[in-house]
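Novice: Sending over coords_31.txt (compact mmCIF, C-alpha atoms).
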# COMPACT_ATOMS: atom_id res chain seq x y z
CA MET T 12 13.55 -25.63 25.05
CA PHE T 13 13.84 -22.11 26.49
CA PHE T 14 16.10 -21.19 23.58
CA TYR T 15 13.53 -22.25 20.98
CA ILE T 16 10.63 -20.51 22.73
CA SER T 17 12.52 -17.25 23.28
CA SER T 18 13.88 -17.34 19.69
CA SER T 19 10.36 -17.89 18.34
CA ILE T 20 9.12 -14.89 20.34
CA GLY T 21 12.03 -12.87 18.92
CA PHE T 22 11.12 -13.86 15.36
CA LEU T 23 7.44 -13.02 15.96
CA ILE T 24 8.32 -9.59 17.35
CA ALA T 25 10.59 -8.96 14.36
CA ILE T 26 7.82 -9.93 11.90
CA MET T 27 5.24 -7.73 13.66
CA LEU T 28 7.68 -4.82 13.77
CA GLN T 29 8.42 -5.29 10.09
CA MET T 30 4.74 -5.34 9.06
CA GLY T 31 3.48 -2.69 11.44
CA VAL T 32 6.29 -0.15 11.56
CA ILE T 33 9.34 -0.70 9.37
CA SER T 34 7.45 -1.32 6.11
CA ARG T 35 5.70 2.05 6.53
CA ALA T 36 9.00 3.90 6.98
CA ALA T 37 10.27 3.82 3.42
CA LEU T 38 13.28 5.62 2.03
CA LEU T 39 12.35 6.34 -1.60
CA SER T 40 10.75 2.94 -2.28
CA GLY T 41 13.15 0.88 -0.17
CA THR T 42 12.54 -0.43 3.33
CA ALA T 43 14.68 -2.13 5.94
CA ASP T 44 14.17 -5.83 6.69
CA VAL T 45 14.22 -6.30 10.44
CA VAL T 46 13.51 -10.02 10.12
CA LEU T 47 16.65 -10.48 8.01
CA LEU T 48 18.66 -8.42 10.49
CA PHE T 49 17.34 -10.38 13.44
CA LEU T 50 17.99 -13.65 11.62
CA ALA T 51 21.59 -12.64 10.83
CA ALA T 52 22.33 -11.58 14.42
CA TRP T 53 20.57 -14.61 15.88
CA SER T 54 22.33 -17.04 13.52
CA LEU T 55 25.72 -15.64 14.47
CA HIS T 56 25.09 -16.18 18.18
CA GLN T 57 23.08 -19.41 18.39
CA ARG T 58 24.78 -22.74 19.08
CA GLN T 59 21.81 -25.13 18.97
CA LYS T 60 21.66 -28.20 16.77
CA TYR T 61 18.10 -27.83 15.47
CA SER T 62 17.92 -24.04 15.13
CA TRP T 63 17.64 -24.40 11.35
CA MET T 64 14.11 -25.71 11.93
CA LEU T 65 13.09 -22.31 13.30
CA VAL T 66 14.46 -20.70 10.14
CA VAL T 67 12.39 -23.07 8.01
CA ILE T 68 9.24 -22.46 10.06
CA PHE T 69 9.52 -18.67 10.04
CA GLY T 70 10.63 -18.62 6.39
CA LEU T 71 7.41 -20.44 5.53
CA VAL T 72 5.36 -18.15 7.80
CA LEU T 73 6.75 -15.09 6.03
CA GLY T 74 6.13 -16.72 2.67
CA ALA T 75 2.50 -17.21 3.64
CA ILE T 76 2.07 -13.63 4.89
CA SER T 77 3.84 -12.01 1.96
CA ALA T 78 2.41 -11.59 -1.52
CA SER T 79 5.66 -12.92 -2.99
CA PRO T 80 5.96 -16.60 -4.02
CA THR T 81 5.93 -18.73 -0.85
CA LEU T 82 9.39 -20.28 -1.03
CA LEU T 83 11.41 -17.14 -1.79
CA PHE T 84 11.81 -15.96 1.79
CA LEU T 85 12.61 -19.51 2.88
CA ILE T 86 15.42 -19.74 0.30
CA VAL T 87 16.84 -16.34 1.32
CA TYR T 88 16.69 -16.92 5.05
CA LEU T 89 18.11 -20.44 4.87
CA SER T 90 20.99 -19.11 2.76
CA VAL T 91 21.70 -16.35 5.29
CA PHE T 92 21.51 -18.88 8.13
CA LEU T 93 23.95 -21.23 6.41
CA ALA T 94 26.33 -18.37 5.63
CA ALA T 95 26.16 -17.27 9.28
CA THR T 96 26.94 -20.81 10.44
CA ARG T 97 30.00 -20.89 8.14
CA LEU T 98 31.16 -17.51 9.46
CA GLN T 99 30.57 -18.67 13.02
CA MET T 100 32.70 -21.78 12.52
CA SER T 101 35.50 -19.94 10.75
CA PHE T 102 38.57 -18.60 12.52
CA TRP T 103 37.40 -15.02 11.96
CA HIS T 104 35.72 -14.27 15.29
CA SER T 105 34.36 -10.77 14.90
CA PRO T 106 30.57 -10.96 15.21
CA LEU T 107 29.87 -7.35 14.24
CA LEU T 108 31.96 -7.51 11.06
CA SER T 109 30.36 -10.86 10.21
CA MET T 110 26.98 -9.27 10.80
CA PHE T 111 27.76 -6.39 8.44
CA LEU T 112 28.97 -8.85 5.83
CA LEU T 113 25.87 -11.03 6.21
CA VAL T 114 23.45 -8.10 6.08
CA PHE T 115 25.11 -6.54 3.05
CA PHE T 116 25.20 -9.68 0.94
CA GLY T 117 21.94 -11.00 2.46
CA THR T 118 20.08 -7.87 1.32
CA PHE T 119 21.47 -8.20 -2.20
CA LEU T 120 20.52 -11.88 -2.24
CA GLU T 121 17.01 -11.17 -0.93
CA HIS T 122 16.35 -8.46 -3.50
CA GLY T 123 17.87 -10.56 -6.28
CA VAL T 124 15.57 -13.47 -5.45
CA LEU T 125 12.51 -11.20 -5.15
CA ILE T 126 13.28 -9.55 -8.51
CA LEU T 127 13.67 -13.00 -10.03
CA GLY T 128 10.26 -13.90 -8.59
CA LEU T 129 8.72 -10.78 -10.14
CA PHE T 130 10.35 -11.62 -13.45
CA VAL T 131 8.85 -15.11 -13.36
CA GLN T 132 5.44 -13.61 -12.55
CA GLY T 133 5.68 -11.51 -15.70
CA VAL T 134 6.03 -8.09 -14.08
CA SER T 135 7.82 -5.50 -16.23
CA ILE T 136 11.10 -4.68 -14.53
CA ASN T 137 13.24 -1.58 -14.90
CA LEU T 138 16.54 -2.63 -13.32
CA ILE T 139 18.00 0.87 -13.04
CA GLU T 140 14.87 2.12 -11.31
CA ILE T 141 14.88 -0.88 -8.97
CA PHE T 142 18.56 -0.37 -8.17
CA THR T 143 18.26 3.34 -7.37
CA GLN T 144 14.75 3.46 -5.87
CA VAL T 145 14.51 0.18 -3.96
CA LEU T 146 17.74 -1.77 -3.61
CA LEU T 147 20.22 0.93 -2.58
CA PRO T 148 17.88 2.61 -0.05
CA SER T 149 17.09 -0.82 1.43
CA VAL T 150 20.79 -1.68 1.76
CA LEU T 151 21.44 1.67 3.42
CA LEU T 152 18.58 1.24 5.90
CA ASN T 153 19.65 -2.31 6.71
CA MET T 154 23.24 -1.22 7.30
CA LEU T 155 22.03 1.58 9.57
CA LEU T 156 19.99 -0.84 11.66
CA THR T 157 22.72 -3.49 11.83
CA ILE T 158 24.46 -2.22 14.97
CA PRO T 159 21.33 -1.68 17.11
CA ILE T 160 19.82 -5.05 16.17
CA HIS T 161 23.13 -6.83 16.73
CA ALA T 162 23.52 -5.17 20.13
CA LEU T 163 19.96 -6.10 21.12
CA VAL T 164 20.32 -9.74 20.10
CA GLN T 165 23.76 -10.04 21.71
CA GLU T 166 22.40 -8.58 24.95
CA ALA T 167 19.44 -10.98 24.85
CA PHE T 168 21.77 -13.96 24.41
CA ARG T 169 24.02 -12.70 27.19
CA ASN T 170 21.10 -12.40 29.60
CA ALA T 171 19.61 -15.75 28.59
CA ALA T 172 22.86 -17.75 28.71
CA PRO T 173 24.01 -19.27 32.03
CA ALA T 174 26.87 -17.47 33.78
CA GLY T 175 30.28 -18.48 32.46
CA THR T 176 29.05 -19.49 29.01
CA GLU T 177 31.06 -18.07 26.16
CA ILE T 178 28.94 -15.86 23.83
CA MET P 4 -11.93 90.90 89.66
CA ARG P 5 -9.07 88.86 88.82
CA ASN P 6 -6.93 90.01 85.92
CA LEU P 7 -7.44 87.74 82.81
CA PHE P 8 -4.37 88.94 81.07
CA THR P 9 -1.85 87.50 83.40
CA SER P 10 1.33 86.18 81.90
CA GLY P 11 0.26 82.54 82.58
CA ASN P 12 -3.01 82.93 80.76
CA ILE P 13 -1.40 84.60 77.80
CA ARG P 14 1.10 81.71 77.52
CA ASN P 15 -1.65 79.09 77.65
CA PHE P 16 -3.63 80.99 75.01
CA ILE P 17 -0.60 81.15 72.72
CA ILE P 18 0.03 77.41 73.16
CA LEU P 19 -3.61 76.69 72.41
CA LEU P 20 -3.46 78.89 69.34
CA VAL P 21 -0.29 77.18 68.07
CA VAL P 22 -1.75 73.69 68.62
CA ALA P 23 -4.98 74.69 66.87
CA GLY P 24 -2.97 76.16 63.99
CA ILE P 25 -0.89 72.98 63.65
CA LEU P 26 -4.05 70.85 63.66
CA LEU P 27 -5.64 73.05 61.03
CA MET P 28 -2.52 72.85 58.84
CA ALA P 29 -2.39 69.06 59.30
CA VAL P 30 -6.06 68.64 58.38
CA SER P 31 -5.71 70.91 55.38
CA GLY P 32 -2.66 68.91 54.12
CA TYR P 33 0.01 71.51 54.49
CA LEU P 34 2.06 69.28 56.77
CA THR P 35 2.07 66.13 54.58
CA PRO P 36 5.63 66.60 53.24
CA LEU P 37 6.79 67.12 56.76
CA PHE P 38 4.97 64.01 57.97
CA SER P 39 6.30 61.88 55.13
CA LEU P 40 9.81 63.10 55.83
CA THR P 41 9.39 62.24 59.47
CA PHE P 42 7.61 58.87 59.09
CA SER P 43 9.53 57.50 56.14
CA PRO P 44 12.52 56.23 58.18
CA LEU P 45 10.11 54.79 60.68
CA ILE P 46 8.16 52.90 58.03
CA SER P 47 11.37 51.61 56.46
CA THR P 48 12.55 50.39 59.82
CA GLN P 49 9.18 48.77 60.48
CA SER P 50 9.24 47.08 57.09
CA TRP P 51 12.78 45.77 57.60
CA LEU P 52 11.85 44.43 61.00
CA SER P 53 8.72 42.74 59.66
CA GLN P 54 10.62 41.08 56.80
CA ARG P 55 13.32 39.76 59.14
CA TYR P 56 10.64 38.38 61.41
CA LEU P 57 8.84 36.61 58.56
CA ALA P 58 12.13 35.21 57.25
CA ILE P 59 13.02 33.83 60.66
CA ARG P 60 9.53 32.39 61.08
CA ASP P 61 9.71 30.72 57.61
CA PHE P 62 13.11 29.31 58.46
CA PHE P 63 11.70 27.48 61.44
CA THR P 64 8.40 26.39 59.84
CA SER P 65 9.58 25.59 56.25
CA PRO P 66 10.62 21.92 56.70
CA ARG P 67 7.07 20.94 57.49
CA ASP P 68 5.72 23.00 54.54
CA MET P 69 8.34 21.63 52.13
CA ALA P 70 7.38 18.08 52.93
CA SER P 71 3.70 18.79 52.39
CA LEU P 72 4.47 20.78 49.21
CA ARG P 73 6.59 17.98 47.81
CA GLU P 74 3.83 15.51 48.53
CA ARG P 75 1.30 17.78 46.86
CA ASN P 76 3.62 18.34 43.91
CA ALA P 77 4.08 14.60 43.38
CA GLN P 78 0.33 14.14 43.57
CA LEU P 79 -0.27 16.90 41.02
CA GLU P 80 2.46 15.58 38.70
CA ASN P 81 0.83 12.19 38.85
CA GLU P 82 -2.52 13.74 37.97
CA VAL P 83 -0.93 15.70 35.11
CA SER P 84 0.66 12.58 33.64
CA GLN P 85 -2.66 10.73 33.92
CA LEU P 86 -4.46 13.60 32.21
CA GLN P 87 -1.82 13.76 29.48
CA SER P 88 -2.21 10.06 28.75
CA GLN P 89 -5.99 10.58 28.68
CA ILE P 90 -5.53 13.47 26.23
CA VAL P 91 -3.38 11.30 23.94
CA GLU P 92 -5.96 8.51 24.11
CA LEU P 93 -8.81 10.92 23.37
CA GLN P 94 -6.90 12.49 20.48
CA GLU P 95 -6.34 9.03 19.00
CA ASN P 96 -10.03 8.23 19.43
CA LEU P 97 -10.94 11.56 17.86
CA SER P 98 -8.76 11.02 14.80
CA GLN P 99 -10.14 7.48 14.45
CA ALA P 100 -13.68 8.82 14.79
CA GLN P 101 -13.00 11.52 12.18
CA ILE P 102 -11.76 8.88 9.73
CA LEU P 103 -14.81 6.72 10.42
CA TYR P 104 -17.19 9.68 10.01
CA THR P 105 -15.61 10.48 6.64
CA LEU P 106 -15.95 6.84 5.59
CA LEU P 107 -19.55 6.90 6.81
CA ASP P 108 -20.19 9.99 4.68
CA PHE P 109 -18.80 8.15 1.68
CA ALA P 110 -21.03 5.15 2.43
CA ARG P 111 -24.09 7.42 2.70
CA THR P 112 -23.36 9.15 -0.58
CA ASN P 113 -22.92 5.78 -2.32
CA PRO P 114 -25.84 3.79 -0.94
CA GLN P 115 -25.86 1.28 -3.80
CA HIS P 116 -23.08 -0.67 -2.05
CA GLU P 117 -22.81 -2.40 1.30
CA TYR P 118 -19.67 -1.66 3.24
CA THR P 119 -17.59 -3.12 6.03
CA ALA P 120 -15.07 -0.81 7.67
CA ALA P 121 -11.61 -2.20 8.46
CA THR P 122 -8.44 -0.89 10.06
CA VAL P 123 -5.09 -1.20 8.32
CA ILE P 124 -2.83 -3.22 10.63
CA GLY P 125 0.24 -3.74 8.47
CA ARG P 126 1.97 -3.51 5.15
CA GLU P 127 3.63 -6.02 2.87
CA ILE P 128 7.07 -7.14 4.05
CA SER P 129 8.75 -6.88 0.66
CA PRO P 130 9.19 -3.40 -0.85
CA TYR P 131 8.46 -4.82 -4.33
CA TYR P 132 4.81 -5.51 -3.60
CA GLN P 133 2.16 -2.93 -2.75
CA TYR P 134 -0.15 -4.67 -0.32
CA ILE P 135 -1.76 -3.84 3.02
CA ILE P 136 -3.09 -6.07 5.77
CA ILE P 137 -6.51 -5.27 7.29
CA ASP P 138 -8.20 -6.55 10.44
CA LYS P 139 -11.31 -8.08 8.84
CA GLY P 140 -11.43 -11.59 7.40
CA SER P 141 -13.74 -14.43 6.50
CA ASN P 142 -15.38 -14.31 9.96
CA GLN P 143 -16.69 -10.85 9.03
CA GLY P 144 -17.88 -12.01 5.59
CA ILE P 145 -14.88 -10.79 3.61
CA MET P 146 -14.14 -12.76 0.44
CA HIS P 147 -11.46 -12.86 -2.20
CA GLY P 148 -11.88 -10.21 -4.92
CA MET P 149 -14.01 -7.73 -2.96
CA PRO P 150 -13.17 -4.11 -3.86
CA VAL P 151 -11.63 -1.88 -1.21
CA VAL P 152 -12.21 1.89 -1.17
CA THR P 153 -11.83 4.97 1.00
CA GLN P 154 -13.75 8.22 0.89
CA GLN P 155 -11.13 9.43 -1.60
CA GLY P 156 -11.49 6.62 -4.08
CA LEU P 157 -10.41 3.14 -5.08
CA VAL P 158 -7.73 1.44 -2.98
CA GLY P 159 -7.57 -2.10 -4.37
CA ARG P 160 -9.11 -5.51 -3.91
CA ILE P 161 -8.98 -8.38 -1.44
CA ASP P 162 -6.21 -10.76 -2.46
CA ALA P 163 -6.08 -13.29 0.38
CA VAL P 164 -8.32 -13.95 3.38
CA ILE P 165 -7.89 -15.71 6.71
CA ALA P 166 -10.30 -15.84 9.65
CA ASN P 167 -9.75 -12.38 11.08
CA ALA P 168 -7.46 -10.60 8.59
CA SER P 169 -7.10 -10.05 4.87
CA ARG P 170 -4.43 -8.97 2.42
CA VAL P 171 -5.38 -6.17 0.01
CA GLN P 172 -3.64 -5.67 -3.31
CA LEU P 173 -3.36 -1.92 -3.91
CA ILE P 174 -4.01 -0.46 -7.35
CA SER P 175 -0.39 0.77 -7.25
CA ASP P 176 0.95 -2.82 -7.17
CA ALA P 177 2.96 -3.94 -10.18
CA GLU P 178 0.55 -6.79 -10.89
CA SER P 179 -2.60 -4.70 -10.57
CA VAL P 180 -4.58 -3.76 -13.68
CA VAL P 181 -7.83 -1.77 -13.40
CA ASN P 182 -10.09 -0.96 -16.33
CA VAL P 183 -11.05 2.70 -16.25
CA HIS P 184 -12.83 5.31 -18.33
CA LEU P 185 -12.07 8.98 -18.55
CA GLN P 186 -15.08 10.92 -17.39
CA ASN P 187 -14.67 13.87 -19.80
CA ALA P 188 -13.15 12.18 -22.85
CA LYS P 189 -15.46 9.14 -22.78
CA VAL P 190 -12.49 6.91 -23.49
CA GLU P 191 -11.69 3.52 -22.00
CA GLY P 192 -8.25 2.58 -20.76
CA GLN P 193 -6.33 0.72 -18.09
CA ILE P 194 -4.32 1.81 -15.09
CA VAL P 195 -1.32 -0.30 -14.18
CA GLY P 196 0.77 -0.14 -11.01
CA SER P 197 4.52 -0.47 -10.73
CA ILE P 198 7.22 -1.75 -8.38
CA THR P 199 7.82 1.76 -7.01
CA GLY P 200 4.10 2.39 -6.54
CA GLU P 201 3.59 4.80 -9.43
CA ILE P 202 0.39 4.38 -11.46
CA THR P 203 0.33 4.68 -15.24
CA LEU P 204 -2.56 5.05 -17.65
CA GLU P 205 -2.33 2.77 -20.67
CA MET P 206 -4.30 1.50 -23.68
CA ILE P 207 -5.63 4.97 -24.54
CA PRO P 208 -6.28 5.30 -28.30
CA GLN P 209 -3.96 7.69 -30.16
CA ASP P 210 -6.83 9.89 -31.32
CA ALA P 211 -8.29 10.37 -27.84
CA GLU P 212 -8.30 13.92 -26.52
CA VAL P 213 -7.08 13.52 -22.98
CA GLN P 214 -6.51 16.61 -20.86
CA ILE P 215 -4.31 16.88 -17.79
CA GLY P 216 -6.57 16.71 -14.74
CA ASP P 217 -9.18 14.49 -16.41
CA VAL P 218 -10.95 12.28 -13.88
CA LEU P 219 -10.58 8.50 -14.06
CA LEU P 220 -13.38 6.23 -12.91
CA THR P 221 -13.61 2.45 -12.89
CA SER P 222 -15.38 1.17 -16.00
CA GLY P 223 -16.53 -2.15 -14.57
CA LEU P 224 -15.06 -4.05 -17.52
CA GLY P 225 -13.49 -7.36 -16.58
CA GLY P 226 -15.79 -7.78 -13.59
CA ASN P 227 -13.14 -7.06 -10.97
CA TYR P 228 -14.46 -3.70 -9.79
CA PRO P 229 -17.89 -2.04 -9.77
CA PRO P 230 -18.23 0.85 -12.24
CA ASN P 231 -17.87 4.57 -11.48
CA ILE P 232 -15.56 4.47 -8.49
CA PHE P 233 -13.14 7.39 -8.45
CA VAL P 234 -9.58 6.27 -9.20
CA GLY P 235 -7.51 9.41 -9.80
CA GLN P 236 -6.62 12.17 -12.20
CA VAL P 237 -4.43 12.30 -15.29
CA LEU P 238 -1.12 13.90 -14.34
CA SER P 239 0.62 13.85 -17.72
CA MET P 240 0.39 12.12 -21.11
CA GLN P 241 3.09 10.80 -23.42
CA SER P 242 2.67 10.05 -27.08
CA GLN P 243 5.16 7.98 -29.10
CA GLN P 244 4.79 7.64 -32.84
CA ASN P 245 5.72 3.98 -33.05
CA ARG P 246 3.20 2.90 -30.41
CA LEU P 247 -0.44 2.01 -30.89
CA PHE P 248 -1.67 3.60 -27.67
CA LEU P 249 -1.08 6.69 -25.58
CA SER P 250 0.21 6.34 -22.06
CA GLY P 251 0.33 8.69 -19.12
CA SER P 252 0.86 8.98 -15.42
CA VAL P 253 -1.98 9.05 -12.91
CA GLN P 254 -2.21 10.82 -9.58
CA SER P 255 -4.34 8.87 -7.11
CA ILE P 256 -5.91 11.01 -4.40
CA VAL P 257 -5.58 8.13 -1.95
CA ASP P 258 -2.30 8.37 -0.03
CA PHE P 259 -1.36 4.69 0.05
CA SER P 260 1.54 5.24 2.46
CA SER P 261 -0.68 6.57 5.25
CA LEU P 262 -3.84 4.48 4.93
CA SER P 263 -5.33 3.80 8.34
CA ALA P 264 -8.93 2.73 7.64
CA VAL P 265 -10.72 1.43 4.56
CA LEU P 266 -14.16 0.28 3.43
CA ILE P 267 -14.72 -3.11 1.81
CA ILE P 268 -17.62 -3.33 -0.65
CA THR P 269 -19.22 -6.57 0.49
CA ASN P 270 -22.13 -6.83 -1.96
CA PHE P 271 -19.93 -6.99 -5.03
CA GLU P 272 -18.77 -10.34 -6.29
CA ALA P 273 -15.81 -10.28 -8.64
CA VAL P 274 -16.25 -12.26 -11.87
CA ASP P 275 -13.45 -14.64 -12.74
CA ILE P 276 -13.12 -14.48 -16.52
CA THR P 277 -9.90 -16.50 -16.64
CA PRO P 278 -11.58 -19.55 -18.27
CA LEU P 279 -12.84 -17.27 -21.08
CA VAL P 280 -9.39 -15.87 -21.86
CA PRO P 281 -8.08 -17.69 -24.96
As a first step, turn the structure in this file into structure tokens.
Specialist:
Amino acid sequence: MFFYISSSIGFLIAIMLQMGVISRAALLSGTADVVLLFLAAWSLHQRQKYSWMLVVIFGLVLGAISASPTLLFLIVYLSVFLAATRLQMSFWHSPLLSMFLLVFFGTFLEHGVLILGLFVQGVSINLIEIFTQVLLPSVLLNMLLTIPIHALVQEAFRNAAPAGTEI
Amino acid sequence: MRNLFTSGNIRNFIILLVVAGILLMAVSGYLTPLFSLTFSPLISTQSWLSQRYLAIRDFFTSPRDMASLRERNAQLENEVSQLQSQIVELQENLSQAQILYTLLDFARTNPQHEYTAATVIGREISPYYQYIIIDKGSNQGIMHGMPVVTQQGLVGRIDAVIANASRVQLISDAESVVNVHLQNAKVEGQIVGSITGEITLEMIPQDAEVQIGDVLLTSGLGGNYPPNIFVGQVLSMQSQQNRLFLSGSVQSIVDFSSLSAVLIITNFEAVDITPLVP
């Protein structure tokens, strides 16, 4: 129970940080996605059976807050969570490299899905402009924030886990 | 009669004369160099002695003073940090008050509308949408479609409302379209946002004489915004032969990236003309 409560608090802090601070600090027109970063780091470390439910809940919450179609964030975050679970189960046990991999492809997936959503909504899209002004700066910012967020989440798990538990 | 000019008397008289002469010279200042030469080593010695004494006295009394000084220093540092935090708080209040005074000025100069002031508490999560979150919602009488302005001009309109917060679609959003008219050219047009937040002017007839710097105001067409709200200025115009209309870029005076407070026009009800669109 403690895991679910503390994880929910973590997600809420990430969402508030994203809306209040990170979204205002744009590079060209791109911004980092702290929620995605937190989700990637959290998914790589968690070992609970029903943790996917938290992803669904907070994916829907973000969909409700955001102006984008409701299910887009849910699709992106569930995909990242599933990819993290696969990486976690694989023989390749290097959390930081897995995190980089997840964040890199997760950002591309997120932006791809959002662009698709815009396309469906009938917004005129200039792909070159999007790539240079939004996507690349966002990828760069996400990659820059990967190590600090990973370290924070890892430390939180280490402090929360009972002594002797493998992280 | 005793003899006055004895050798003893003469000696005493000479001594008296010498002493009187020395006194006269001293009073008149002739002996000052001599005095300074004589007293200088004495003063130096006195000064050295006094300094050594004070140093020795400080050595024995300093521990007590140091303790009291440290205590006083800690107390003063504490007061300084408290005052600094008060200064920061007051500066924040001052900047907030300045913003509110400017908004109040705008409200006074446009008395035809009723306003509710709101603070910007967040921005849209996705970089592809230009939205802000404000701290006023349906509990404060905010409704979908209400226009949002600042003292500098049009900001956008209310897109979604919950009890104590609302989401505002900025005019720079890719899905935003605002009907405008050019104040000087008397021409109607539309401003459209984009994914990167740039605003373009569209639907301007080819024969319209649009100058750079022309002022854009809301026209009120479509029923989404009240008329004559300042929107921005024409930054540049492009003309293409194979197109029916001119287009151009618009510079909004509102800095959307640093919005901190806005006014919601509460006595304007947006008209939904969707059922009339064929």
Novice: Find the distance between atom CA of Val164 of chain T and atom CA of Ala52 of chain T and write it in Å to one decimal.
Specialist: 6.3 Å
Novice: Provide the atom CA of Ile126 of chain T to atom CA of Leu113 of chain T distance in Å, to one decimal place.
Specialist: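 Atom CA of Leu113 of chain T lies 19.4 Å from atom CA of Ile126 of chain T.
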Novice: Wanna dump the chain T-chain P contacts at 6 Å for me, each residue with its shortest atom pair and the distance in Å to one decimal, counting all atoms listed in the file, ordered by chain and number, as CSV?
Specialist:
residue,atom,partner,partner_atom,distance
T:Met30,CA,P:Gly125,CA,4.8
T:Gly31,CA,P:Gly125,CA,4.5
T:Ser34,CA,P:Arg126,CA,6.0
T:Ser40,CA,P:Thr199,CA,5.7
T:Gly41,CA,P:Pro130,CA,5.9
Novice: Counting all atoms listed in the file, which residue out of P:Gln209, P:Ser263, P:Thr119, P:Gly140 sits closest to Met240 of chain P?
Specialist: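 Nearest to Met240 of chain P: P:Gln209.
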Novice: As a list in words, please: the residues near Met64 of chain T (cut-off 10 Å, all atoms listed in the file, same-chain neighbours under 5 positions excluded).
Specialist: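 Near neighbours after the sequence-gap exclusion: Tyr15, Phe69, Gly70 and Leu89 of chain T.
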Novice: Kindly export the residues of the current selection with C-alpha atoms, as a PDB file, keeping the file's coordinate frame.
Specialist:
ATOM      1  CA  TYR T  15      13.530 -22.250  20.980  1.00  0.00           C
ATOM      2  CA  PHE T  69       9.520 -18.670  10.040  1.00  0.00           C
ATOM      3  CA  GLY T  70      10.630 -18.620   6.390  1.00  0.00           C
ATOM      4  CA  LEU T  89      18.110 -20.440   4.870  1.00  0.00           C
TER       5      LEU T  89
END
